[in-house]
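Remarks on the structure that follows.
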Amino acid sequence: MKAFTPLTSLMHSIYIAENDLRQSFKSVRHVVWSLLFPIFMMFTFSFKYGATGPDIQFIKDFLIPGIVGMTAMFGSINETMSIVWDKSLGVFDRILAAPVSSASIIVGKTMAGAVMGVISALVLLIIGSTLFSVAFANIGAVLIIILLASFSFTGIGTIISGLASEPREAMMLSNLLRFPMMFLGGVFFPIGAMPMPLPYIARALPLTYATEALGAIQTGNPFTVFFDAIVLLFYTVGTILFGSQILMRIMTR
Amino acid sequence: MLVIWKREKPLENAIEVKELTKFFGSLLAVDHVSFEVKGKEIFGLLGPNGAGKTTTIRMICGMLRPTSGTTVVAGFDVSQKPQEVKRRIGLVPDISNLFGELSARINLEFMGKLYGLNKKTRRERIDQVLELFQLKERQNDLVKYYSKGMHRRLTIAAALIHQPEILIMDEPTSGLDAQTARLVREIILNLNKEGRTILLTTHQIDEADRLAQRVGIIDRGRLIALNTPEQLKNSIQGMRALEIKILDGIDQQKWLPILRQAEGVDNITVAEGKIRILSKDLSQIIPTVVNVVNKHGGKIENISVAQPSLEDAFISLTGKSIREEPMSKEDYLKRRLSRSGMR
């Protein structure tokens with residue numbers, strides 16, 4: 001049974017992603033609030049404890065990479081959460097009733113999540129580097145890492161959306177994952193300085209690899225960047241496959 | 001008026017449902033339901049809340065997989081060719097599910113894109129439906145600022161963007177004020193006049209009576225009757241309805257068990273503050289009722305004889321009034337399961 005050509009399916013996905021992002025950007029307040037949080041965090045942590053002023057080296061090699069990774073995480077997971085809202089508001093039915101394949105819906109939602117992650121991360125990157133006048137060494141590598149990270153967070157978002165039956169549950173589930181990730185993922189505290197067994201937990205989180213890779217780009221450590229990129233790729237494939245499976249199952253019941 | 005999707009030979013049956021059954025776990029929501037919707041007719045599925053109407057519709061639209069049974073829409077089996085079916089039907093759900101953060105025009109744009117319409121066709125159709133539903137002036141406003149009636153109109157408009165030959169409407173007028181409900185009914189009749197087949201569900205008997213050419217009565221997941229509204233009313237031919245109001249406090253409900261015992265009472269319900277008694281023998285029932293009420297110390301304030309309505313037919317078939325039934329826990333669960341997004 002072949003209902004659509006690959007191009008039609010792809011177009012369906014693009015329309016769904018476009019529609020999702022259009023709604024997210026429509027609400028200016030929403031965009032501003034979601035960016036204020038990482039900006040505020042960046043500002044606060046730029047004062048290293050005990051130091052008299054901002055430590056530029058720390059900001060450049062550690063804080064900005066960490067905040068950028070974290071913002072990608074928040075952006076992607078939040079955007080993917082729209083699935084749960086759509087379900088609870090009934091607008092998901094609108095898409096389900098249309099002649100669109102389940103795969104197109106999942107790809108569309110994934111695209112929206114990844115795009116949102118990349119855009120928010122880039123905004124923070126620009127704000128951070130302008131504010132503290134630091135430059136990124138290799139912007140191409142930075143983009144690849146942000147993209148991979150955003151896709152893997154989107155995968156996590158789809159898993160949460162598939163498991164949660166209503167928005168409040170989804171919020172709780174996502175906070176359960178996001179907050180530990182934020183504090184253990186090498187955003188504010190270096191993994192090397194963590195007491196045992198926290199580094200092991202940190203090594204299980206995709207955010208750790210994103211922040212580490214972004215930091216390694218700054219300090220010029222290509223092997224670490226490469227290794228982390230591979231791990232993120234595995235995370236992306238794993239979470240997206242698992243997430244789509246859950247979504248597919250409830251969509252084709 | 002809109003131009004409908006042209007078909008060389010009109011379909012005899014637009015929708016054929018055979019032995020459709022749906023279990024949610026161990027909960028039986030739809031129980032071997034079979035019916036046909038003929039081409040170009042308005043078919044009403046009438047039943048109380050939780051009867052399985054929405055579940056049935058979702059299975060017809062290919063949004064829910066039946067446990068067993070088959071559905072053929074416009075000649076396509078829903079389980080084999082769901083996309084072909086979806087292309088040919090327009091669904092108006094019971095809740096107006098539009099993207100509130102987007103304008104009416106962009107909502108319609110999105111639907112047009114999903115149905116594969118090109119840019120020019122989209123623009124034309126959107127202008128057409130906005131005009132038809134009198135939403136043109138507010139087309140660029142965010143939908144969340146729309147009134148209930150406008151929401152409803154836009155929801156119907158969105159279902160027409162791909163000019164489907166079959167329109168499926170779930171409770172099209174529920175929750176609307178009288179004026180908007182009338183407008184929506186007019187729209188439905190007009191759409192049918194253009195040659196569109198319409199399947200609608202309702203829990204309002206007068207709506208089924210007014211709109212539908214044939215009515216299927218569904219109760220607890222089972223289709224218990226299927227006929228024209230006239231035939232359904234005739235099925236209780238010979239019965240007459242007696243409406244009384246008893247002057248004793250306000251609660252007419254407490255008279256039900258007392259009057260039910262009376263000889264000759266076939267069915268009894270309370271509707272709109274009046275007790276409605278169905279009986280075959282009116283000459284006998286009037287004195288009996290008067291006696292019973294007197295014996296129990298009540299006074300009859302008002303008594304009148306009425307022609308049996310579709311509601312009476314419903315009562316005699318299901319043994320209960322459609323309005324009085326509170327939703328049971330099981331019904332609530334079924335409702336949640338059938339409506340929770342993707343299920």
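Letters A, B, ... mark the chains of the structure tokens in the order given; residue numbers begin at 1 per chain; ligand numbers begin at 1, in order shown.
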Using only C-alpha atoms, determine which residues of chain A fall within 6 Å of chain B; present them as number ranges by chain. A: 23, 87, 90-91, 98-99, 250-251, 253
Writing out the chosen residues with N, CA and C atoms as a CSV table (one decimal), in the first residue's frame:
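Output contents, as saved in part-v2.csv:
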```
chain,number,residue,atom,x,y,z
A,23,GLN,N,3.1,28.8,15.4
A,23,GLN,CA,2.4,29.0,16.7
A,23,GLN,C,3.4,29.4,17.8
A,87,LYS,N,-2.8,17.1,21.5
A,87,LYS,CA,-3.7,16.0,21.9
A,87,LYS,C,-4.8,16.5,22.8
A,90,GLY,N,-7.4,18.7,21.1
A,90,GLY,CA,-8.1,18.1,20.0
A,90,GLY,C,-7.6,18.5,18.7
A,91,VAL,N,-6.6,19.4,18.6
A,91,VAL,CA,-6.1,19.8,17.3
A,91,VAL,C,-5.3,18.7,16.6
A,98,ALA,N,-6.8,14.2,8.5
A,98,ALA,CA,-6.3,14.6,7.2
A,98,ALA,C,-5.6,13.4,6.5
A,99,PRO,N,-5.5,13.4,5.2
A,99,PRO,CA,-4.8,12.3,4.6
A,99,PRO,C,-3.3,12.5,4.7
A,250,ILE,N,0.4,4.6,19.5
A,250,ILE,CA,-0.8,5.2,19.9
A,250,ILE,C,-1.6,5.8,18.8
A,251,MET,N,-0.9,6.2,17.7
A,251,MET,CA,-1.5,6.8,16.6
A,251,MET,C,-2.3,5.8,15.7
A,253,ARG,N,-3.7,2.9,16.7
A,253,ARG,CA,-4.4,1.9,17.5
A,253,ARG,C,-5.7,1.6,16.9
```
Write out as a VMD selection string each polymer residue whose atoms come within 8 Å of Thr208 in chain A, counting only C-alpha atoms; drop sequence neighbours fewer than 6 positions from it. chain A and resid 181 184 to 187 202
Same residues, C-alpha atoms, output as an mmCIF file, in the first residue's frame:
```cif
data_model
loop_
_atom_site.group_PDB
_atom_site.id
_atom_site.type_symbol
_atom_site.label_atom_id
_atom_site.label_comp_id
_atom_site.auth_asym_id
_atom_site.auth_seq_id
_atom_site.Cartn_x
_atom_site.Cartn_y
_atom_site.Cartn_z
ATOM 1 C CA MET A 181 20.238 17.172 33.241
ATOM 2 C CA LEU A 184 24.507 17.287 36.081
ATOM 3 C CA GLY A 185 25.095 17.949 32.394
ATOM 4 C CA GLY A 186 28.155 20.136 32.828
ATOM 5 C CA VAL A 187 26.323 23.441 32.380
ATOM 6 C CA ALA A 202 26.434 12.747 34.044
#
```
Distance query Lys148 in chain B at most 12 Å, only C-alpha atoms, self and fewer than 4 positions along chain excluded, as a PyMOL selection string: chain B and resi 95-98+143-144+152-155+173-177+179-181+184
Go ahead and compute the interatomic distance for CA of Val115 in chain A and CA of Ile146 in chain A, in Å to one decimal. 10.2 Å
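The interatomic distance for the pair CA of Pro38 in chain A and CA of Leu21 in chain A works out to 20.1 Å.
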Taking only range 3-147 of chain B into account, list the residues labelled strand (DSSP E) by DSSP (computed from the backbone), as an MDAnalysis selection string. chainID B and resid 13:24 27:38 42:46 68:73 76:77 89:92
Exercise: Arg138 in chain B partners within 10 Å, only C-alpha atoms, chain neighbours under 3 positions left out, as number ranges by chain: B: 103-105, 130, 134-135, 141-143, 145-146, 150
Export of prior selection with C-alpha atoms as a compact mmCIF listing (two decimals), in the first residue's frame:
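Result file out-v3.txt:
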```
# COMPACT_ATOMS: atom_id res chain seq x y z
CA SER B 103 -5.62 33.37 12.39
CA ALA B 104 -8.61 31.84 10.64
CA ARG B 105 -6.95 32.24 7.29
CA LEU B 130 -14.79 32.59 4.50
CA GLN B 134 -19.37 35.24 7.02
CA LEU B 135 -15.91 35.23 8.50
CA ASP B 141 -7.83 37.68 13.80
CA LEU B 142 -6.43 34.99 16.05
CA VAL B 143 -8.96 32.20 16.40
CA TYR B 145 -10.53 35.57 20.17
CA TYR B 146 -13.46 34.11 18.24
CA MET B 150 -17.58 31.73 14.91
```
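If you look at CA of Ile217 in chain A and CA of Pro197 in chain A, they are 26.7 Å away from each other.
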Residue list (helix (DSSP H, G or I), DSSP) for range 84-294 of chain B, as a ChimeraX atom specification: /B:84-88,104-114,119-132,136-138,143-145,148-160,178-193,205-211,229-234,253-260,282-294
Which of A:His12, A:Lys109, A:Arg249, A:Lys60 sits closest to Gly162 in chain A [using only C-alpha atoms]: A:Arg249
Write out as a list in words the residues lying within 9 Å of Ser24 in chain A, counting only C-alpha atoms and excluding same-chain residues fewer than 5 positions away. Asn19, His30, Val31, Glu79 and Met116 of chain A; Glu101 of chain B
Which residues are near range 214-225 of chain B? Cut-off 6 Å, only C-alpha atoms, ignore same chain within fewer than 3 positions. Put them as a JSON list (two decimals) with N, CA and C atoms, in the first residue's frame.
```
[["chain", "number", "residue", "atom", "x", "y", "z"],
["B", 29, "ALA", "N", -17.30, -0.42, 23.88],
["B", 29, "ALA", "CA", -17.82, 0.90, 23.55],
["B", 29, "ALA", "C", -18.80, 0.85, 22.38],
["B", 30, "VAL", "N", -18.48, 0.03, 21.39],
["B", 30, "VAL", "CA", -19.36, -0.12, 20.23],
["B", 30, "VAL", "C", -19.54, -1.61, 20.00],
["B", 31, "ASP", "N", -20.80, -2.02, 19.88],
["B", 31, "ASP", "CA", -21.13, -3.44, 19.91],
["B", 31, "ASP", "C", -21.82, -3.87, 18.61],
["B", 33, "VAL", "N", -22.16, -2.82, 15.47],
["B", 33, "VAL", "CA", -23.03, -1.83, 14.84],
["B", 33, "VAL", "C", -22.95, -1.97, 13.32],
["B", 43, "PHE", "N", -27.90, 11.42, 7.44],
["B", 43, "PHE", "CA", -28.15, 10.31, 8.34],
["B", 43, "PHE", "C", -27.79, 10.75, 9.75],
["B", 44, "GLY", "N", -28.69, 10.54, 10.68],
["B", 44, "GLY", "CA", -28.42, 10.96, 12.05],
["B", 44, "GLY", "C", -28.20, 9.78, 12.96],
["B", 45, "LEU", "N", -27.12, 9.82, 13.73],
["B", 45, "LEU", "CA", -26.91, 8.82, 14.77],
["B", 45, "LEU", "C", -27.34, 9.47, 16.07],
["B", 46, "LEU", "N", -28.41, 8.96, 16.64],
["B", 46, "LEU", "CA", -28.98, 9.58, 17.82],
["B", 46, "LEU", "C", -28.73, 8.69, 19.04],
["B", 47, "GLY", "N", -28.29, 9.31, 20.10],
["B", 47, "GLY", "CA", -28.07, 8.52, 21.31],
["B", 47, "GLY", "C", -27.62, 9.40, 22.44],
["B", 51, "ALA", "N", -22.98, 6.83, 24.42],
["B", 51, "ALA", "CA", -23.61, 5.71, 23.74],
["B", 51, "ALA", "C", -22.68, 5.04, 22.74],
["B", 52, "GLY", "N", -21.60, 5.73, 22.37],
["B", 52, "GLY", "CA", -20.66, 5.17, 21.40],
["B", 52, "GLY", "C", -20.68, 5.89, 20.05],
["B", 228, "THR", "N", -36.65, 6.08, 9.19],
["B", 228, "THR", "CA", -36.90, 7.52, 9.02],
["B", 228, "THR", "C", -37.54, 8.01, 10.31]]
```
Nearby residues (only C-alpha atoms) at most 7 Å from range 192-208 of chain B, same-chain spacing under 6 positions excluded, as a ChimeraX atom specification: /B:39-49,53,165-171,215,310-311
Generate a file of the selected residues that holds N, CA and C atoms, formatted as a compact mmCIF listing (two decimals), in the first residue's frame.
```txt
# COMPACT_ATOMS: atom_id res chain seq x y z
N GLY B 39 -26.01 7.58 -0.47
CA GLY B 39 -25.46 8.76 -1.11
C GLY B 39 -26.43 9.91 -1.05
N LYS B 40 -25.93 11.08 -0.71
CA LYS B 40 -26.70 12.32 -0.70
C LYS B 40 -27.81 12.39 0.36
N GLU B 41 -27.73 11.58 1.38
CA GLU B 41 -28.74 11.71 2.42
C GLU B 41 -28.11 12.32 3.69
N ILE B 42 -28.98 12.76 4.57
CA ILE B 42 -28.51 13.15 5.90
C ILE B 42 -28.91 12.03 6.84
N PHE B 43 -27.90 11.42 7.44
CA PHE B 43 -28.15 10.31 8.34
C PHE B 43 -27.79 10.75 9.75
N GLY B 44 -28.69 10.54 10.68
CA GLY B 44 -28.42 10.96 12.05
C GLY B 44 -28.20 9.78 12.96
N LEU B 45 -27.12 9.82 13.73
CA LEU B 45 -26.91 8.82 14.77
C LEU B 45 -27.34 9.47 16.07
N LEU B 46 -28.41 8.96 16.64
CA LEU B 46 -28.98 9.58 17.82
C LEU B 46 -28.73 8.69 19.04
N GLY B 47 -28.29 9.31 20.10
CA GLY B 47 -28.07 8.52 21.31
C GLY B 47 -27.62 9.40 22.44
N PRO B 48 -27.75 8.93 23.66
CA PRO B 48 -27.31 9.74 24.81
C PRO B 48 -25.79 9.83 24.86
N ASN B 49 -25.28 10.68 25.73
CA ASN B 49 -23.84 10.78 25.91
C ASN B 49 -23.29 9.42 26.33
N LYS B 53 -21.31 7.05 20.02
CA LYS B 53 -21.43 7.78 18.74
C LYS B 53 -20.06 8.25 18.25
N GLU B 165 -17.02 14.86 -0.52
CA GLU B 165 -18.39 14.49 -0.90
C GLU B 165 -19.17 13.99 0.31
N ILE B 166 -18.44 13.63 1.36
CA ILE B 166 -19.10 13.16 2.57
C ILE B 166 -18.67 14.04 3.74
N LEU B 167 -19.64 14.48 4.50
CA LEU B 167 -19.33 15.32 5.64
C LEU B 167 -19.78 14.58 6.90
N ILE B 168 -18.87 14.46 7.86
CA ILE B 168 -19.21 13.77 9.10
C ILE B 168 -19.16 14.78 10.23
N MET B 169 -20.27 14.95 10.90
CA MET B 169 -20.36 15.99 11.92
C MET B 169 -20.75 15.38 13.26
N ASP B 170 -19.89 15.62 14.26
CA ASP B 170 -20.14 15.08 15.59
C ASP B 170 -20.78 16.18 16.43
N GLU B 171 -22.00 15.98 16.82
CA GLU B 171 -22.73 16.96 17.64
C GLU B 171 -22.58 18.38 17.09
N VAL B 215 -32.68 7.94 10.72
CA VAL B 215 -32.07 8.05 12.04
C VAL B 215 -31.73 6.66 12.57
N LEU B 310 -40.53 11.84 18.41
CA LEU B 310 -39.38 10.95 18.26
C LEU B 310 -38.80 10.60 19.63
N GLU B 311 -38.93 11.54 20.53
CA GLU B 311 -38.47 11.30 21.89
C GLU B 311 -39.24 10.14 22.53
```
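Nearest to Leu233 in chain A of all the residues A:Pro206, A:Leu148, A:Thr154, A:Gln218 is A:Leu148, counting only C-alpha atoms.
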